[in-house]
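This is work_32.cif. It holds mmCIF, C-alpha atoms.
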data_data
loop_
_atom_site.group_PDB
_atom_site.id
_atom_site.type_symbol
_atom_site.label_atom_id
_atom_site.label_comp_id
_atom_site.auth_asym_id
_atom_site.auth_seq_id
_atom_site.Cartn_x
_atom_site.Cartn_y
_atom_site.Cartn_z
ATOM 1 C CA MET A 1 15.258 12.810 0.758
ATOM 2 C CA PRO A 2 11.604 13.615 -0.042
ATOM 3 C CA THR A 3 10.876 16.211 -2.662
ATOM 4 C CA THR A 4 9.302 18.502 -0.055
ATOM 5 C CA GLU A 5 12.730 18.857 1.593
ATOM 6 C CA LEU A 6 14.519 19.859 -1.621
ATOM 7 C CA THR A 7 13.757 23.538 -1.176
ATOM 8 C CA THR A 8 16.166 25.294 1.185
ATOM 9 C CA ASP A 9 19.494 24.603 2.902
ATOM 10 C CA VAL A 10 20.266 21.737 0.553
ATOM 11 C CA ALA A 11 22.484 20.908 -2.426
ATOM 12 C CA LEU A 12 21.399 18.478 -5.131
ATOM 13 C CA GLY A 13 23.645 16.752 -7.650
ATOM 14 C CA VAL A 14 22.658 16.047 -11.250
ATOM 15 C CA ALA A 15 24.174 14.204 -14.184
ATOM 16 C CA ILE A 16 23.261 14.270 -17.878
ATOM 17 C CA PRO A 17 25.092 11.166 -19.156
ATOM 18 C CA ALA A 18 24.424 11.644 -22.868
ATOM 19 C CA ARG A 19 25.900 15.157 -22.709
ATOM 20 C CA ASN A 20 28.892 14.207 -20.523
ATOM 21 C CA ALA A 21 27.820 16.865 -18.039
ATOM 22 C CA ARG A 22 27.427 17.025 -14.315
ATOM 23 C CA GLY A 23 26.039 19.744 -12.105
ATOM 24 C CA ARG A 24 25.041 20.934 -8.673
ATOM 25 C CA ILE A 25 22.216 23.177 -7.599
ATOM 26 C CA ALA A 26 21.897 24.614 -4.106
ATOM 27 C CA ARG A 27 19.772 26.996 -2.098
ATOM 28 C CA LEU A 28 20.432 28.517 1.334
ATOM 29 C CA GLY A 29 18.030 30.269 3.680
ATOM 30 C CA PRO A 30 18.308 29.936 7.472
ATOM 31 C CA VAL A 31 21.944 28.860 7.075
ATOM 32 C CA VAL A 32 22.850 32.305 5.729
ATOM 33 C CA ASP A 33 21.033 34.070 8.553
ATOM 34 C CA ALA A 34 22.739 31.811 11.101
ATOM 35 C CA VAL A 35 26.197 32.601 9.696
ATOM 36 C CA LEU A 36 25.416 36.334 9.660
ATOM 37 C CA ALA A 37 23.788 36.396 13.096
ATOM 38 C CA ASN A 38 26.966 37.150 15.062
ATOM 39 C CA HIS A 39 28.266 39.757 12.604
ATOM 40 C CA ASP A 40 27.043 43.299 12.242
ATOM 41 C CA TYR A 41 27.736 43.520 8.512
ATOM 42 C CA PRO A 42 26.321 46.229 6.221
ATOM 43 C CA PRO A 43 23.824 44.918 3.617
ATOM 44 C CA VAL A 44 26.426 44.979 0.806
ATOM 45 C CA ILE A 45 28.740 42.702 2.800
ATOM 46 C CA GLU A 46 25.876 40.448 3.859
ATOM 47 C CA ARG A 47 24.906 39.984 0.220
ATOM 48 C CA LEU A 48 28.493 39.230 -0.781
ATOM 49 C CA LEU A 49 28.891 36.641 1.973
ATOM 50 C CA ALA A 50 25.563 35.023 1.065
ATOM 51 C CA GLU A 51 26.808 34.671 -2.532
ATOM 52 C CA ALA A 52 30.119 33.248 -1.365
ATOM 53 C CA LEU A 53 28.411 30.737 0.936
ATOM 54 C CA VAL A 54 26.201 29.287 -1.792
ATOM 55 C CA LEU A 55 29.197 29.116 -4.149
ATOM 56 C CA THR A 56 31.114 27.241 -1.434
ATOM 57 C CA ALA A 57 28.161 24.871 -1.014
ATOM 58 C CA LEU A 58 28.187 24.128 -4.750
ATOM 59 C CA LEU A 59 31.927 23.435 -4.710
ATOM 60 C CA GLY A 60 31.777 21.380 -1.537
ATOM 61 C CA SER A 61 28.985 19.189 -2.837
ATOM 62 C CA LEU A 62 31.293 18.094 -5.669
ATOM 63 C CA LEU A 63 33.506 16.256 -3.188
ATOM 64 C CA LYS A 64 33.188 12.476 -3.154
ATOM 65 C CA GLU A 65 34.713 12.044 0.305
ATOM 66 C CA PRO A 66 32.369 12.810 3.226
ATOM 67 C CA GLU A 67 35.412 14.104 5.132
ATOM 68 C CA GLY A 68 36.572 16.288 2.248
ATOM 69 C CA GLN A 69 36.835 20.031 2.726
ATOM 70 C CA ILE A 70 36.648 23.040 0.414
ATOM 71 C CA THR A 71 38.052 26.439 1.359
ATOM 72 C CA LEU A 72 37.270 29.478 -0.770
ATOM 73 C CA GLN A 73 39.361 32.578 -0.237
ATOM 74 C CA ALA A 74 39.278 35.935 -1.999
ATOM 75 C CA GLN A 75 41.992 38.355 -0.977
ATOM 76 C CA THR A 76 43.467 41.717 -1.953
ATOM 77 C CA GLU A 77 46.122 44.026 -0.621
ATOM 78 C CA SER A 78 44.277 47.334 -0.887
ATOM 79 C CA GLY A 79 40.606 46.575 -1.567
ATOM 80 C CA ILE A 80 37.597 47.632 0.492
ATOM 81 C CA VAL A 81 37.286 43.909 1.191
ATOM 82 C CA ASP A 82 40.749 42.614 1.940
ATOM 83 C CA LEU A 83 39.751 39.070 2.903
ATOM 84 C CA LEU A 84 36.766 36.789 2.300
ATOM 85 C CA VAL A 85 36.914 33.210 3.610
ATOM 86 C CA CYS A 86 34.296 30.455 3.414
ATOM 87 C CA ASP A 87 34.649 26.754 3.911
ATOM 88 C CA TYR A 88 32.644 23.558 3.626
ATOM 89 C CA LEU A 89 33.056 20.327 5.583
ATOM 90 C CA SER A 90 30.489 17.500 5.525
ATOM 91 C CA GLY A 91 27.639 19.879 4.764
ATOM 92 C CA ASP A 92 28.720 22.450 7.359
ATOM 93 C CA LEU A 93 29.297 25.988 6.087
ATOM 94 C CA ARG A 94 30.969 28.966 7.687
ATOM 95 C CA GLY A 95 32.419 32.242 6.459
ATOM 96 C CA TYR A 96 33.454 35.791 7.270
ATOM 97 C CA ILE A 97 34.558 38.984 5.537
ATOM 98 C CA ARG A 98 37.145 41.508 6.663
ATOM 99 C CA HIS A 99 36.498 44.949 5.231
ATOM 100 C CA ASP A 100 37.059 48.691 5.603
ATOM 101 C CA LEU A 101 33.772 50.166 6.795
ATOM 102 C CA GLU A 102 34.630 53.796 5.997
ATOM 103 C CA ARG A 103 35.745 53.059 2.434
ATOM 104 C CA LEU A 104 32.668 50.889 1.928
ATOM 105 C CA ALA A 105 30.399 53.805 2.859
ATOM 106 C CA GLU A 106 32.168 55.960 0.264
ATOM 107 C CA ALA A 107 31.627 53.345 -2.474
ATOM 108 C CA GLY A 108 27.844 53.770 -2.564
ATOM 109 C CA PRO A 109 25.007 51.248 -2.202
ATOM 110 C CA ASN A 110 25.902 48.955 -5.121
ATOM 111 C CA PRO A 111 29.680 48.726 -5.558
ATOM 112 C CA SER A 112 31.049 46.446 -8.265
ATOM 113 C CA LEU A 113 33.196 43.419 -7.526
ATOM 114 C CA PHE A 114 36.249 45.388 -8.672
ATOM 115 C CA ALA A 115 35.300 48.301 -6.414
ATOM 116 C CA LEU A 116 35.121 45.905 -3.453
ATOM 117 C CA PHE A 117 38.268 43.891 -4.147
ATOM 118 C CA GLY A 118 40.386 45.903 -6.565
ATOM 119 C CA ARG A 119 43.097 43.671 -7.992
ATOM 120 C CA GLY A 120 42.901 40.476 -6.015
ATOM 121 C CA TYR A 121 42.905 36.730 -6.412
ATOM 122 C CA LEU A 122 40.560 33.829 -5.844
ATOM 123 C CA ALA A 123 42.005 30.692 -4.247
ATOM 124 C CA ILE A 124 40.068 27.443 -3.876
ATOM 125 C CA THR A 125 41.581 24.609 -1.852
ATOM 126 C CA PHE A 126 40.370 21.005 -2.078
ATOM 127 C CA ASP A 127 41.333 18.760 0.855
ATOM 128 C CA HIS A 128 40.919 14.997 0.477
ATOM 129 C CA PRO A 129 42.014 13.480 3.820
ATOM 130 C CA THR A 130 41.298 9.852 2.911
ATOM 131 C CA MET A 131 43.582 10.091 -0.108
ATOM 132 C CA ASP A 132 45.978 12.382 1.798
ATOM 133 C CA GLU A 133 45.706 14.841 -1.074
ATOM 134 C CA ARG A 134 45.482 18.624 -1.060
ATOM 135 C CA TYR A 135 45.061 20.731 -4.176
ATOM 136 C CA GLN A 136 44.847 24.509 -4.506
ATOM 137 C CA GLY A 137 44.066 26.594 -7.550
ATOM 138 C CA ILE A 138 44.667 30.347 -7.672
ATOM 139 C CA VAL A 139 43.435 32.750 -10.354
ATOM 140 C CA PRO A 140 43.029 36.545 -10.612
ATOM 141 C CA LEU A 141 39.753 37.778 -9.161
ATOM 142 C CA GLU A 142 38.196 38.974 -12.399
ATOM 143 C CA GLY A 143 34.726 39.604 -13.781
ATOM 144 C CA ASP A 144 31.665 41.444 -12.559
ATOM 145 C CA SER A 145 30.629 38.844 -9.989
ATOM 146 C CA LEU A 146 31.750 35.899 -7.896
ATOM 147 C CA ALA A 147 30.010 33.637 -10.408
ATOM 148 C CA GLN A 148 32.234 34.943 -13.222
ATOM 149 C CA ALA A 149 35.294 34.633 -11.013
ATOM 150 C CA ALA A 150 34.405 30.989 -10.306
ATOM 151 C CA GLN A 151 33.960 30.278 -14.024
ATOM 152 C CA SER A 152 37.396 31.772 -14.645
ATOM 153 C CA PHE A 153 38.819 29.539 -11.930
ATOM 154 C CA PHE A 154 37.572 26.372 -13.610
ATOM 155 C CA ALA A 155 38.602 27.546 -17.076
ATOM 156 C CA GLN A 156 42.108 28.644 -16.071
ATOM 157 C CA SER A 157 43.036 26.413 -13.155
ATOM 158 C CA GLU A 158 41.089 23.243 -13.909
ATOM 159 C CA GLN A 159 40.565 23.664 -17.669
ATOM 160 C CA ILE A 160 36.979 22.454 -17.354
ATOM 161 C CA PRO A 161 34.173 24.148 -19.316
ATOM 162 C CA SER A 162 31.829 25.395 -16.589
ATOM 163 C CA ILE A 163 28.879 27.664 -16.041
ATOM 164 C CA VAL A 164 28.081 29.220 -12.662
ATOM 165 C CA ARG A 165 24.991 31.199 -11.732
ATOM 166 C CA LEU A 166 24.433 32.794 -8.314
ATOM 167 C CA ALA A 167 21.490 34.820 -7.034
ATOM 168 C CA VAL A 168 20.774 36.480 -3.696
ATOM 169 C CA GLU A 169 17.568 38.080 -2.463
ATOM 170 C CA LYS A 170 16.294 39.395 0.835
ATOM 171 C CA ARG A 171 12.697 38.401 1.572
ATOM 172 C CA ASP A 172 10.874 39.699 4.634
ATOM 173 C CA GLY A 173 14.165 40.504 6.314
ATOM 174 C CA ARG A 174 15.729 37.106 5.605
ATOM 175 C CA TRP A 175 18.354 36.204 3.023
ATOM 176 C CA ILE A 176 17.843 33.562 0.344
ATOM 177 C CA ALA A 177 20.808 32.531 -1.806
ATOM 178 C CA GLY A 178 20.692 30.106 -4.712
ATOM 179 C CA GLY A 179 23.285 28.793 -7.118
ATOM 180 C CA LEU A 180 23.850 26.464 -10.041
ATOM 181 C CA LEU A 181 27.089 24.918 -11.311
ATOM 182 C CA PHE A 182 27.382 22.750 -14.444
ATOM 183 C CA GLN A 183 30.527 21.286 -15.979
ATOM 184 C CA HIS A 184 31.523 19.230 -18.990
ATOM 185 C CA LEU A 185 33.390 16.025 -18.150
ATOM 186 C CA PRO A 186 35.417 13.665 -20.337
ATOM 187 C CA GLU A 187 33.555 10.746 -21.823
ATOM 188 C CA GLY A 188 33.572 7.819 -19.453
ATOM 189 C CA GLU A 189 35.455 9.666 -16.705
ATOM 190 C CA GLU A 190 34.204 10.692 -13.285
ATOM 191 C CA GLY A 191 37.456 11.106 -11.381
ATOM 192 C CA ARG A 192 40.002 13.903 -11.127
ATOM 193 C CA ASP A 193 41.877 12.992 -14.314
ATOM 194 C CA ARG A 194 40.444 15.378 -16.881
ATOM 195 C CA LEU A 195 43.259 15.351 -19.405
ATOM 196 C CA HIS A 196 40.929 14.496 -22.261
ATOM 197 C CA THR A 197 38.308 17.167 -21.593
ATOM 198 C CA ARG A 198 37.489 19.008 -24.799
ATOM 199 C CA LEU A 199 36.931 22.704 -24.260
ATOM 200 C CA ASP A 200 35.028 22.800 -27.581
ATOM 201 C CA HIS A 201 32.956 19.644 -27.100
ATOM 202 C CA PRO A 202 29.791 19.936 -29.262
ATOM 203 C CA ASP A 203 27.484 18.930 -26.392
ATOM 204 C CA TRP A 204 28.730 21.608 -24.012
ATOM 205 C CA PRO A 205 27.151 24.719 -25.636
ATOM 206 C CA HIS A 206 23.762 22.969 -25.499
ATOM 207 C CA VAL A 207 24.105 22.269 -21.754
ATOM 208 C CA ALA A 208 25.483 25.750 -21.064
ATOM 209 C CA ILE A 209 22.560 27.432 -22.849
ATOM 210 C CA LEU A 210 19.973 25.423 -20.918
ATOM 211 C CA ALA A 211 21.707 25.855 -17.551
ATOM 212 C CA GLY A 212 22.321 29.534 -18.248
ATOM 213 C CA SER A 213 18.628 30.120 -18.876
ATOM 214 C CA VAL A 214 17.893 29.782 -15.149
ATOM 215 C CA LYS A 215 16.350 32.938 -13.731
ATOM 216 C CA PRO A 216 17.610 34.549 -10.498
ATOM 217 C CA GLU A 217 14.110 34.399 -9.032
ATOM 218 C CA GLU A 218 14.017 30.640 -9.668
ATOM 219 C CA LEU A 219 17.241 30.127 -7.770
ATOM 220 C CA THR A 220 15.928 32.105 -4.788
ATOM 221 C CA ASP A 221 12.326 30.845 -4.714
ATOM 222 C CA PRO A 222 12.050 28.773 -1.491
ATOM 223 C CA SER A 223 8.766 27.274 -2.676
ATOM 224 C CA LEU A 224 10.345 25.772 -5.816
ATOM 225 C CA PRO A 225 11.950 22.358 -5.130
ATOM 226 C CA LEU A 226 15.365 22.015 -6.706
ATOM 227 C CA ASP A 227 14.464 18.872 -8.637
ATOM 228 C CA ASP A 228 11.466 20.698 -10.141
ATOM 229 C CA LEU A 229 13.793 23.503 -11.210
ATOM 230 C CA LEU A 230 16.114 20.985 -12.875
ATOM 231 C CA TRP A 231 13.108 19.541 -14.700
ATOM 232 C CA ARG A 232 12.224 23.001 -16.009
ATOM 233 C CA LEU A 233 15.731 23.439 -17.382
ATOM 234 C CA PHE A 234 16.413 19.971 -18.815
ATOM 235 C CA HIS A 235 13.038 18.277 -19.399
ATOM 236 C CA GLU A 236 13.832 17.736 -23.102
ATOM 237 C CA GLU A 237 16.894 15.605 -22.332
ATOM 238 C CA ASP A 238 16.571 11.817 -22.690
ATOM 239 C CA GLU A 239 18.003 11.158 -19.239
ATOM 240 C CA VAL A 240 18.675 13.416 -16.284
ATOM 241 C CA ARG A 241 19.869 11.729 -13.098
ATOM 242 C CA THR A 242 19.476 13.452 -9.764
ATOM 243 C CA LEU A 243 22.085 12.369 -7.258
ATOM 244 C CA GLY A 244 22.014 12.260 -3.483
ATOM 245 C CA ALA A 245 20.903 15.462 -1.781
ATOM 246 C CA ILE A 246 23.206 17.000 0.830
ATOM 247 C CA PRO A 247 21.639 18.889 3.756
ATOM 248 C CA LEU A 248 23.509 22.115 4.501
ATOM 249 C CA ARG A 249 24.062 23.612 7.949
ATOM 250 C CA ARG A 250 25.834 26.473 9.616
ATOM 251 C CA GLY A 251 28.795 24.842 11.305
ATOM 252 C CA CYS A 252 31.692 26.509 13.087
ATOM 253 C CA ARG A 253 34.180 24.014 14.457
ATOM 254 C CA CYS A 254 35.463 26.177 17.266
ATOM 255 C CA ASP A 255 34.650 25.138 20.838
ATOM 256 C CA PRO A 256 36.561 25.368 24.128
ATOM 257 C CA ASP A 257 37.914 21.815 23.934
ATOM 258 C CA TYR A 258 39.149 22.328 20.383
ATOM 259 C CA VAL A 259 40.753 25.661 21.292
ATOM 260 C CA ARG A 260 42.516 24.043 24.250
ATOM 261 C CA SER A 261 43.798 21.215 22.056
ATOM 262 C CA VAL A 262 45.268 23.720 19.582
ATOM 263 C CA LEU A 263 46.885 25.863 22.285
ATOM 264 C CA ALA A 264 48.341 22.791 23.977
ATOM 265 C CA ARG A 265 50.466 22.146 20.876
ATOM 266 C CA PHE A 266 52.375 25.410 21.331
ATOM 267 C CA PRO A 267 55.614 25.435 23.350
ATOM 268 C CA ALA A 268 55.200 26.595 26.953
ATOM 269 C CA GLU A 269 57.110 29.845 26.366
ATOM 270 C CA GLU A 270 54.826 30.779 23.454
ATOM 271 C CA ARG A 271 51.742 30.081 25.548
ATOM 272 C CA GLU A 272 53.129 32.324 28.288
ATOM 273 C CA ALA A 273 53.483 35.150 25.782
ATOM 274 C CA MET A 274 49.776 34.784 24.912
ATOM 275 C CA VAL A 275 48.592 35.443 28.491
ATOM 276 C CA GLY A 276 46.861 38.785 28.895
ATOM 277 C CA GLU A 277 46.760 41.188 31.826
ATOM 278 C CA ASP A 278 43.782 39.312 33.247
ATOM 279 C CA GLY A 279 45.826 36.110 33.402
ATOM 280 C CA LEU A 280 43.877 34.421 30.602
ATOM 281 C CA ILE A 281 44.636 33.402 27.037
ATOM 282 C CA ARG A 282 41.853 34.783 24.855
ATOM 283 C CA VAL A 283 41.190 33.223 21.470
ATOM 284 C CA ASP A 284 38.752 34.867 19.045
ATOM 285 C CA CYS A 285 37.000 33.048 16.207
ATOM 286 C CA GLN A 286 36.471 35.242 13.146
ATOM 287 C CA PHE A 287 33.866 32.855 11.741
ATOM 288 C CA CYS A 288 31.370 33.060 14.590
ATOM 289 C CA SER A 289 32.662 36.112 16.520
ATOM 290 C CA SER A 290 33.047 34.026 19.667
ATOM 291 C CA SER A 291 35.770 34.638 22.245
ATOM 292 C CA PHE A 292 37.218 31.859 24.363
ATOM 293 C CA PRO A 293 38.970 32.766 27.641
ATOM 294 C CA ILE A 294 41.312 29.909 28.531
ATOM 295 C CA GLU A 295 43.070 29.376 31.866
ATOM 296 C CA PRO A 296 46.765 28.632 31.151
ATOM 297 C CA GLY A 297 46.687 25.967 33.836
ATOM 298 C CA GLU A 298 44.157 23.994 31.808
ATOM 299 C CA LEU A 299 46.781 23.388 29.125
ATOM 300 C CA SER A 300 49.479 21.766 31.241
#
Starting from the coordinates I provided, produce the structure as structure tokens.
Amino acid sequence: MPTTELTTDVALGVAIPARNARGRIARLGPVVDAVLANHDYPPVIERLLAEALVLTALLGSLLKEPEGQITLQAQTESGIVDLLVCDYLSGDLRGYIRHDLERLAEAGPNPSLFALFGRGYLAITFDHPTMDERYQGIVPLEGDSLAQAAQSFFAQSEQIPSIVRLAVEKRDGRWIAGGLLFQHLPEGEEGRDRLHTRLDHPDWPHVAILAGSVKPEELTDPSLPLDDLLWRLFHEEDEVRTLGAIPLRRGCRCDPDYVRSVLARFPAEEREAMVGEDGLIRVDCQFCSSSFPIEPGELS
């Protein structure tokens, strides 16, 4: 991918071999607006979803399998936001937030993460279909931001030293979201076996300081190519390898044919119970706010 394309709606991988570190950097623009287009969210919720989408892009770009999927879910029982869901599949991103509009208005213009979620949890699910493997990690939703919550996830669930930075900005009525994720890996290992990762490895503080020096405005500057930003951060390193770039898109997998295929798997009596007064089965997609009216006869 040419450098001129490494600006927006893309994730870029990076490795620093001598420091046993790997990372991802991503920036979203039109993708965020496309995901938000069918939702009438308040600005606070739009910002939160933009953050969650770029975090999901960072996590998804770690997958080695093109068919792999990441699902990020933050949930509470009594928070203003009771459910946040984003997922990534082959560069496609989607997400939605379920929230209490009246309680959100009472919380003011800049509520904290705790004010939005209360006591909740963050769950990240990794699906590897080729290897027929599914892994889920769950940790308390703690910290002042989603970035801190993600760092806690890797420290507690994966036991990998990690640094996460997320930034969101609205420019001329359009959202820009950027993020950076760096991790320490065991010497000589690139797979999922991280048993020998040292949480106190002497190289890690050096990488964390450099990665952590990134400025929010750098992450959200659509005129700054991501490889140039990596050069700013790590130009003193002997070797920095940029890996393949992944284009990112808004992608909701719901469509009438897919909905019909799902409904057809239900027993006939359950499908009958789904029929409304108008004689149709209506299926709503929370991700894109689309509604699909299905004729029951189409499923037989």
Find the nearest atom pair between each residue of stretch 72-94 of chain A and stretch 39-63 of chain A for residues within 10 Å, count only C-alpha atoms, give distances in Å to one decimal, sort rows by chain and ascending number, and present the table as JSON lines.
{"residue": "A:Leu72", "atom": "CA", "partner": "A:Thr56", "partner_atom": "CA", "distance": 6.6}
{"residue": "A:Gln73", "atom": "CA", "partner": "A:Ala52", "partner_atom": "CA", "distance": 9.3}
{"residue": "A:Ala74", "atom": "CA", "partner": "A:Ala52", "partner_atom": "CA", "distance": 9.6}
{"residue": "A:Val81", "atom": "CA", "partner": "A:Ile45", "partner_atom": "CA", "distance": 8.8}
{"residue": "A:Leu84", "atom": "CA", "partner": "A:Leu49", "partner_atom": "CA", "distance": 7.9}
{"residue": "A:Val85", "atom": "CA", "partner": "A:Ala52", "partner_atom": "CA", "distance": 8.4}
{"residue": "A:Cys86", "atom": "CA", "partner": "A:Leu53", "partner_atom": "CA", "distance": 6.4}
{"residue": "A:Asp87", "atom": "CA", "partner": "A:Thr56", "partner_atom": "CA", "distance": 6.4}
{"residue": "A:Tyr88", "atom": "CA", "partner": "A:Gly60", "partner_atom": "CA", "distance": 5.7}
{"residue": "A:Leu89", "atom": "CA", "partner": "A:Gly60", "partner_atom": "CA", "distance": 7.3}
{"residue": "A:Ser90", "atom": "CA", "partner": "A:Gly60", "partner_atom": "CA", "distance": 8.2}
{"residue": "A:Gly91", "atom": "CA", "partner": "A:Ala57", "partner_atom": "CA", "distance": 7.7}
{"residue": "A:Asp92", "atom": "CA", "partner": "A:Ala57", "partner_atom": "CA", "distance": 8.7}
{"residue": "A:Leu93", "atom": "CA", "partner": "A:Leu53", "partner_atom": "CA", "distance": 7.1}
{"residue": "A:Arg94", "atom": "CA", "partner": "A:Leu53", "partner_atom": "CA", "distance": 7.4}
Keeping only C-alpha atoms, write the selected residues to a file as a PDB file, in the frame of the given file.
ATOM      1  CA  LEU A  72      37.270  29.478  -0.770  1.00  0.00           C
ATOM      2  CA  GLN A  73      39.361  32.578  -0.237  1.00  0.00           C
ATOM      3  CA  ALA A  74      39.278  35.935  -1.999  1.00  0.00           C
ATOM      4  CA  VAL A  81      37.286  43.909   1.191  1.00  0.00           C
ATOM      5  CA  LEU A  84      36.766  36.789   2.300  1.00  0.00           C
ATOM      6  CA  VAL A  85      36.914  33.210   3.610  1.00  0.00           C
ATOM      7  CA  CYS A  86      34.296  30.455   3.414  1.00  0.00           C
ATOM      8  CA  ASP A  87      34.649  26.754   3.911  1.00  0.00           C
ATOM      9  CA  TYR A  88      32.644  23.558   3.626  1.00  0.00           C
ATOM     10  CA  LEU A  89      33.056  20.327   5.583  1.00  0.00           C
ATOM     11  CA  SER A  90      30.489  17.500   5.525  1.00  0.00           C
ATOM     12  CA  GLY A  91      27.639  19.879   4.764  1.00  0.00           C
ATOM     13  CA  ASP A  92      28.720  22.450   7.359  1.00  0.00           C
ATOM     14  CA  LEU A  93      29.297  25.988   6.087  1.00  0.00           C
ATOM     15  CA  ARG A  94      30.969  28.966   7.687  1.00  0.00           C
TER      16      ARG A  94
END
When you look at A:Ala211 with a cut-off of 10 Å (counting only C-alpha atoms), what residues show up, excluding the ones that are within fewer than 6 positions of it in the same chain? I need them as a VMD selection string. chain A and resid 23 163 to 165 180 to 182 205 230 233 to 234
Nearest to A:Val168, chosen from A:Ala26, A:Ile70, A:Leu6, A:Ala208, with only C-alpha atoms counted in the distances: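 Using only C-alpha atoms, A:Val168 sits closest to A:Ala26.
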Compile the contact shell of stretch 249-258 of chain A as a ChimeraX atom specification: residues with an atom at most 12 Å away, counting only C-alpha atoms, same-chain residues fewer than 6 positions apart removed. /A:8-11,27-38,53-54,57,86-96,264-265,281-295,298-299
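Separating atom CA of A:His184 from atom CA of A:Arg119 is a distance of 29.2 Å.
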List as a PDB file with C-alpha atoms, keeping the file's coordinate frame the protein and nucleic acid residues near stretch 152-154 of chain A, meaning an atom at most 12 Å away when all atoms listed in the file are counted, but skip any in the same chain fewer than 4 places from it.
ATOM      1  CA  LEU A  59      31.927  23.435  -4.710  1.00  0.00           C
ATOM      2  CA  LEU A  72      37.270  29.478  -0.770  1.00  0.00           C
ATOM      3  CA  ALA A  74      39.278  35.935  -1.999  1.00  0.00           C
ATOM      4  CA  TYR A 121      42.905  36.730  -6.412  1.00  0.00           C
ATOM      5  CA  LEU A 122      40.560  33.829  -5.844  1.00  0.00           C
ATOM      6  CA  ALA A 123      42.005  30.692  -4.247  1.00  0.00           C
ATOM      7  CA  ILE A 124      40.068  27.443  -3.876  1.00  0.00           C
ATOM      8  CA  THR A 125      41.581  24.609  -1.852  1.00  0.00           C
ATOM      9  CA  GLN A 136      44.847  24.509  -4.506  1.00  0.00           C
ATOM     10  CA  GLY A 137      44.066  26.594  -7.550  1.00  0.00           C
ATOM     11  CA  ILE A 138      44.667  30.347  -7.672  1.00  0.00           C
ATOM     12  CA  VAL A 139      43.435  32.750 -10.354  1.00  0.00           C
ATOM     13  CA  PRO A 140      43.029  36.545 -10.612  1.00  0.00           C
ATOM     14  CA  LEU A 141      39.753  37.778  -9.161  1.00  0.00           C
ATOM     15  CA  GLU A 142      38.196  38.974 -12.399  1.00  0.00           C
ATOM     16  CA  GLY A 143      34.726  39.604 -13.781  1.00  0.00           C
ATOM     17  CA  ASP A 144      31.665  41.444 -12.559  1.00  0.00           C
ATOM     18  CA  SER A 145      30.629  38.844  -9.989  1.00  0.00           C
ATOM     19  CA  LEU A 146      31.750  35.899  -7.896  1.00  0.00           C
ATOM     20  CA  ALA A 147      30.010  33.637 -10.408  1.00  0.00           C
ATOM     21  CA  GLN A 148      32.234  34.943 -13.222  1.00  0.00           C
ATOM     22  CA  GLU A 158      41.089  23.243 -13.909  1.00  0.00           C
ATOM     23  CA  GLN A 159      40.565  23.664 -17.669  1.00  0.00           C
ATOM     24  CA  ILE A 160      36.979  22.454 -17.354  1.00  0.00           C
ATOM     25  CA  PRO A 161      34.173  24.148 -19.316  1.00  0.00           C
ATOM     26  CA  SER A 162      31.829  25.395 -16.589  1.00  0.00           C
ATOM     27  CA  ILE A 163      28.879  27.664 -16.041  1.00  0.00           C
ATOM     28  CA  VAL A 164      28.081  29.220 -12.662  1.00  0.00           C
ATOM     29  CA  LEU A 181      27.089  24.918 -11.311  1.00  0.00           C
ATOM     30  CA  PHE A 182      27.382  22.750 -14.444  1.00  0.00           C
ATOM     31  CA  GLN A 183      30.527  21.286 -15.979  1.00  0.00           C
ATOM     32  CA  HIS A 184      31.523  19.230 -18.990  1.00  0.00           C
ATOM     33  CA  ARG A 194      40.444  15.378 -16.881  1.00  0.00           C
ATOM     34  CA  LEU A 199      36.931  22.704 -24.260  1.00  0.00           C
TER      35      LEU A 199
END
Using only C-alpha atoms: which of A:Glu217, A:Glu277, A:Glu239, A:Asp227 has the shortest distance to A:Ile25: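 That would be A:Asp227, the residue with the smallest distance to A:Ile25.
Note that atom CA of A:Ala149 and atom CA of A:Leu224 are 27.0 Å apart.
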What is the distance, in Å and to one decimal place, between atom CA of A:Lys64 and atom CA of A:Gly212? 25.2 Å
Selection result for the PyMOL selection byres ((chain A and resi 17) around 10) on this file, as number ranges by chain: A: 14-16, 18-22, 185, 187-188, 237-241
Taking all atoms listed in the file into account, which of A:Met131, A:Leu210, A:Leu248, A:Ala150 comes nearest A:Glu5?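 For A:Glu5, the nearest of the candidates is A:Leu248.
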Let me make sure I understand: among A:Leu116, A:Asp172, A:Ala268, A:Ser157, which one has the smallest atom-to-atom distance to A:Leu83 if we use all atoms listed in the file? A:Leu116
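Here the PyMOL selection byres ((chain A and resi 130) around 10) captures the residues A:Glu65, A:Pro66, A:Glu67, A:Gly68, A:Asp127, A:His128, A:Pro129, A:Met131, A:Asp132, A:Glu133.
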Name the residues in contact with A:Gly13 at a cut-off of 6 Å, using all atoms listed in the file, excluding same-chain residues fewer than 4 positions from it; report them as a list in words. Gly23, Arg24, Thr242 and Leu243 of chain A
So that I have them on file, write out the residues from the current selection with C-alpha atoms, as a PDB file, in the frame of the given file.
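Contents of result20.pdb, as written:
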ATOM      1  CA  GLY A  23      26.039  19.744 -12.105  1.00  0.00           C
ATOM      2  CA  ARG A  24      25.041  20.934  -8.673  1.00  0.00           C
ATOM      3  CA  THR A 242      19.476  13.452  -9.764  1.00  0.00           C
ATOM      4  CA  LEU A 243      22.085  12.369  -7.258  1.00  0.00           C
TER       5      LEU A 243
END
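Using all atoms listed in the file, the nearest neighbour of A:Phe126 within the list A:Gln69, A:Arg232, A:Pro296, A:Glu218 is A:Gln69.
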Exercise on stretch 223-240 of chain A, axis-aligned box with 6 Å per side, report centre and edge lengths in Å to one decimal, as JSON:
{"center_x": 13.7, "center_y": 19.2, "center_z": -12.9, "size_x": 21.9, "size_y": 28.1, "size_z": 32.4}
